[in-house]
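Student: Here it is, the structure, as structure tokens.
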Amino acid sequence: MLKKLQCFMLLVGCIFNSVEAAQVSQERAARDPEASTGYQKKAKVVAKNAMVVAANPYAVEAGYQVLKAGGTAFDAAIAVQAVLGLVEPQSSGIGGGTFILYWQADKQKLHALDGRETAPSKATAELFFEQGKPLRWHDAVVGGRSVGVPGVIAALEAGHKKFGQLAWNKLFDHAIQLSEQGFIVSPRLAKLVGMEINPGIRLLAPAKNYFYPQGQPLQAGQKIKNSAYANSLNLIAEHGSQGFYHGQLAKKISQAVQNSAQAPGLLTSEDLAKYQAKWRTPLCGEYKNNRICGFGPPSSGGFTVLNTLKLLQTHNLHQFPANDKRALHVFSQASRLAFADRNAFLADSDFVNVPLFELLADEYIQQRTKLIQLKQDMGEAEPGLAVAAHSTTLSRPSTSHISIVDQWGNAVSMTTSIEMAFGSAVMTGGFLLNNQLTDFSFNPVTNGQPVANRVAANKRPRSSMAPTMVFNKKQQLTGILGSPGGSRIINYVTQTLIGVIDWQLDIQSAIDLPKITNLNGTTALEANTDLADQLNYFKQLGHKVQIRDLNSGLHAIWRTPEGWQGAADPRREGIAMGY
């Protein structure tokens, strides 16, 4: 089995090397392993009282029933996540991590809860070195070495203690019932399994037995059960986070990591036992009379969204039609500048100094925005502050986003991930474990300078997840949004905000906009859209252009005079449901 995997990795490595030879280092972050699975137009949904939007109808139904039963938005988020781990295991689950924004309506207060994974206590800066050299990313993905201590359950329990209304154990009922009685495999899950988008699940037990029963990939429409997952959820429902981070389940997790047939890892039962979710300060800033709030370090999403918008503040994008090519050129340049600073400075602020104040200061922004040329691509941007070591960290798009508002006006914006599609492919207790440690920079030093996002024991790797909330000038909650998509999350969220704020689109229309991304490298235009027809325009301005699928999965809720409008991305399987 191991030999097969090594051969597969060698083949993949040859393919990736040919790509890397033609791209700058920042474009390493642009490879998306989750394939496009079609486009299905979504109708906007409007509801007066409450709304839930998530990536799979089973999960949305679970959250909807919790809201109808008198649960808070946080209660509903727990039910949604539990089901997503079953029906959308390639993207998120209890073996992964999360960032959660929570709006507490009665106190008019925004909270930020960090459930990001941590490196094992035995991890060193050379975790991903072999024979004295850092590994290629795709050689590090599969197996136990890439697994960080999962944070989802700890974060959900911490939030439930503050904001929950229904009993903790009842919030897992829907997921346990589906696990025991079976669910119908979705076309997206079936396609990703059939493509062997992650080689590990084909070869590492028990994942291979689950996703390839009798050696055949799961088929869309097939009904499957997961009794092991039901048993894990029953432990968590009865014992809370103790049932996950201690006892038999914690032992299963640590043993699965340490005994992985590919790249055994360092994670121990002690690492699980000492994990804690953290309350952080939300990162907020102004854009066009709106207050945009996101997540700060160790996420880079909130900073980079806000930085991009600040750089665009004086460029009056509202004067252009929606998605006008001239406006999108300016957007791409602001994104270059924001990503240059993001790549150099953003990391876990518990371990390194992240100069957020300096990077978001008005004077600094004014200096940076002068670099944007209206009729010429600037090329690769450099960080704006001195002494910055660049990071070439990959960030993969196997992620999911949940947006919820309840009858009292409390709201959740939760982005949750296991990193690459199907994570590390290490499976135990009926769920996949993450490969989030590959979000660290593999090389701890660049040009003689320590890289901010280098590996360290108990450190949280940098993320691109960007759960976002928007408030109007009266400080009313207006919008709740986020997306999967790896490093491209940042562009997806920012472009959607511009669509609503500058171009006055409804939230569904803003999500539907053909996508453009620039991560300080190639400008990517979404294939099979009107925007792809503008290829020559961008080339004439000096852009290196790529036409490709841009597999966003935006889920959003927006306040309207008629009520809450829920919107799901037509590029994935999510829906909105409210009452």
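Ordered as shown in the structure tokens, chains take letters A, B, and onward, while each chain numbers its residues from 1 and ligands are numbered from 1 in the order shown.
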At a cut-off of 9 Å, using only C-alpha atoms, what residues contact Gln319 (chain A)? Leave out same-chain residues fewer than 3 positions from it and give the result as a list in words.

Tutor: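 Within the cut-off, the hits are Asn316, Ala327, Asp502 and Trp503 of chain A.
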
Student: Would you export the selected residues with C-alpha atoms as a compact mmCIF listing (two decimals), in the first residue's frame, please?

Tutor:
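And here's out37.txt as it stands now:
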```
# COMPACT_ATOMS: atom_id res chain seq x y z
CA ASN A 316 -14.68 55.00 -6.29
CA ALA A 327 -12.86 48.20 -11.71
CA ASP A 502 -20.42 49.65 -4.32
CA TRP A 503 -22.62 48.15 -7.01
```

Student: Can you list, as an MDAnalysis selection string, all residues belonging to region 211-300 of chain A that DSSP tags as strand (DSSP E or B)?

Tutor: chainID A and resid 223:224 278:280 283:287 290:294 299

Student: Excluding same-chain residues fewer than 2 positions from region 288-290 of chain A, what lies within 8 Å of it counting only C-alpha atoms, as a VMD selection string?

Tutor: chain A and resid 286 292 313 470 to 473 501

Student: Point out the residue among A:Gln219, A:Gln565, A:Gln65, A:Gln367 with the least atom-to-atom distance to Thr478 (chain A), counting only C-alpha atoms.

Tutor: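 Among the listed residues, the smallest separation from Thr478 (chain A) belongs to A:Gln565.
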
Student: Given only C-alpha atoms as the basis, pick out the residue of A:Glu382, A:Asp106, A:Glu573, A:Asp173 nearest to Ala411 (chain A).

Tutor: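 Nearest candidate to Ala411 (chain A) out of A:Glu382, A:Asp106, A:Glu573, A:Asp173: A:Asp106.
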
Student: Quick one: residues within 7 Å of region 504-515 of chain A, only C-alpha atoms counted, chain neighbours fewer than 6 positions away excluded, as a PyMOL selection string?

Tutor: chain A and resi 44+496+525-526+529+531+550+554+558+567+569-570

Student: Which neighbours of region 336-349 of chain A fall inside 8 Å, counting only C-alpha atoms, when residues of the same chain fewer than 3 positions from it are skipped, and could you give them as a PyMOL selection string?

Tutor: chain A and resi 297-300+303-304+307-308+332-333+352-355+359+368+380-385+388-392+451-453+459-462+518-521

Student: Please, what distance in Å, to one decimal, runs between CA of Gln258 (chain A) and CA of Arg202 (chain A)?

Tutor: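 Value for the CA of Gln258 (chain A)-CA of Arg202 (chain A) distance: 19.6 Å.
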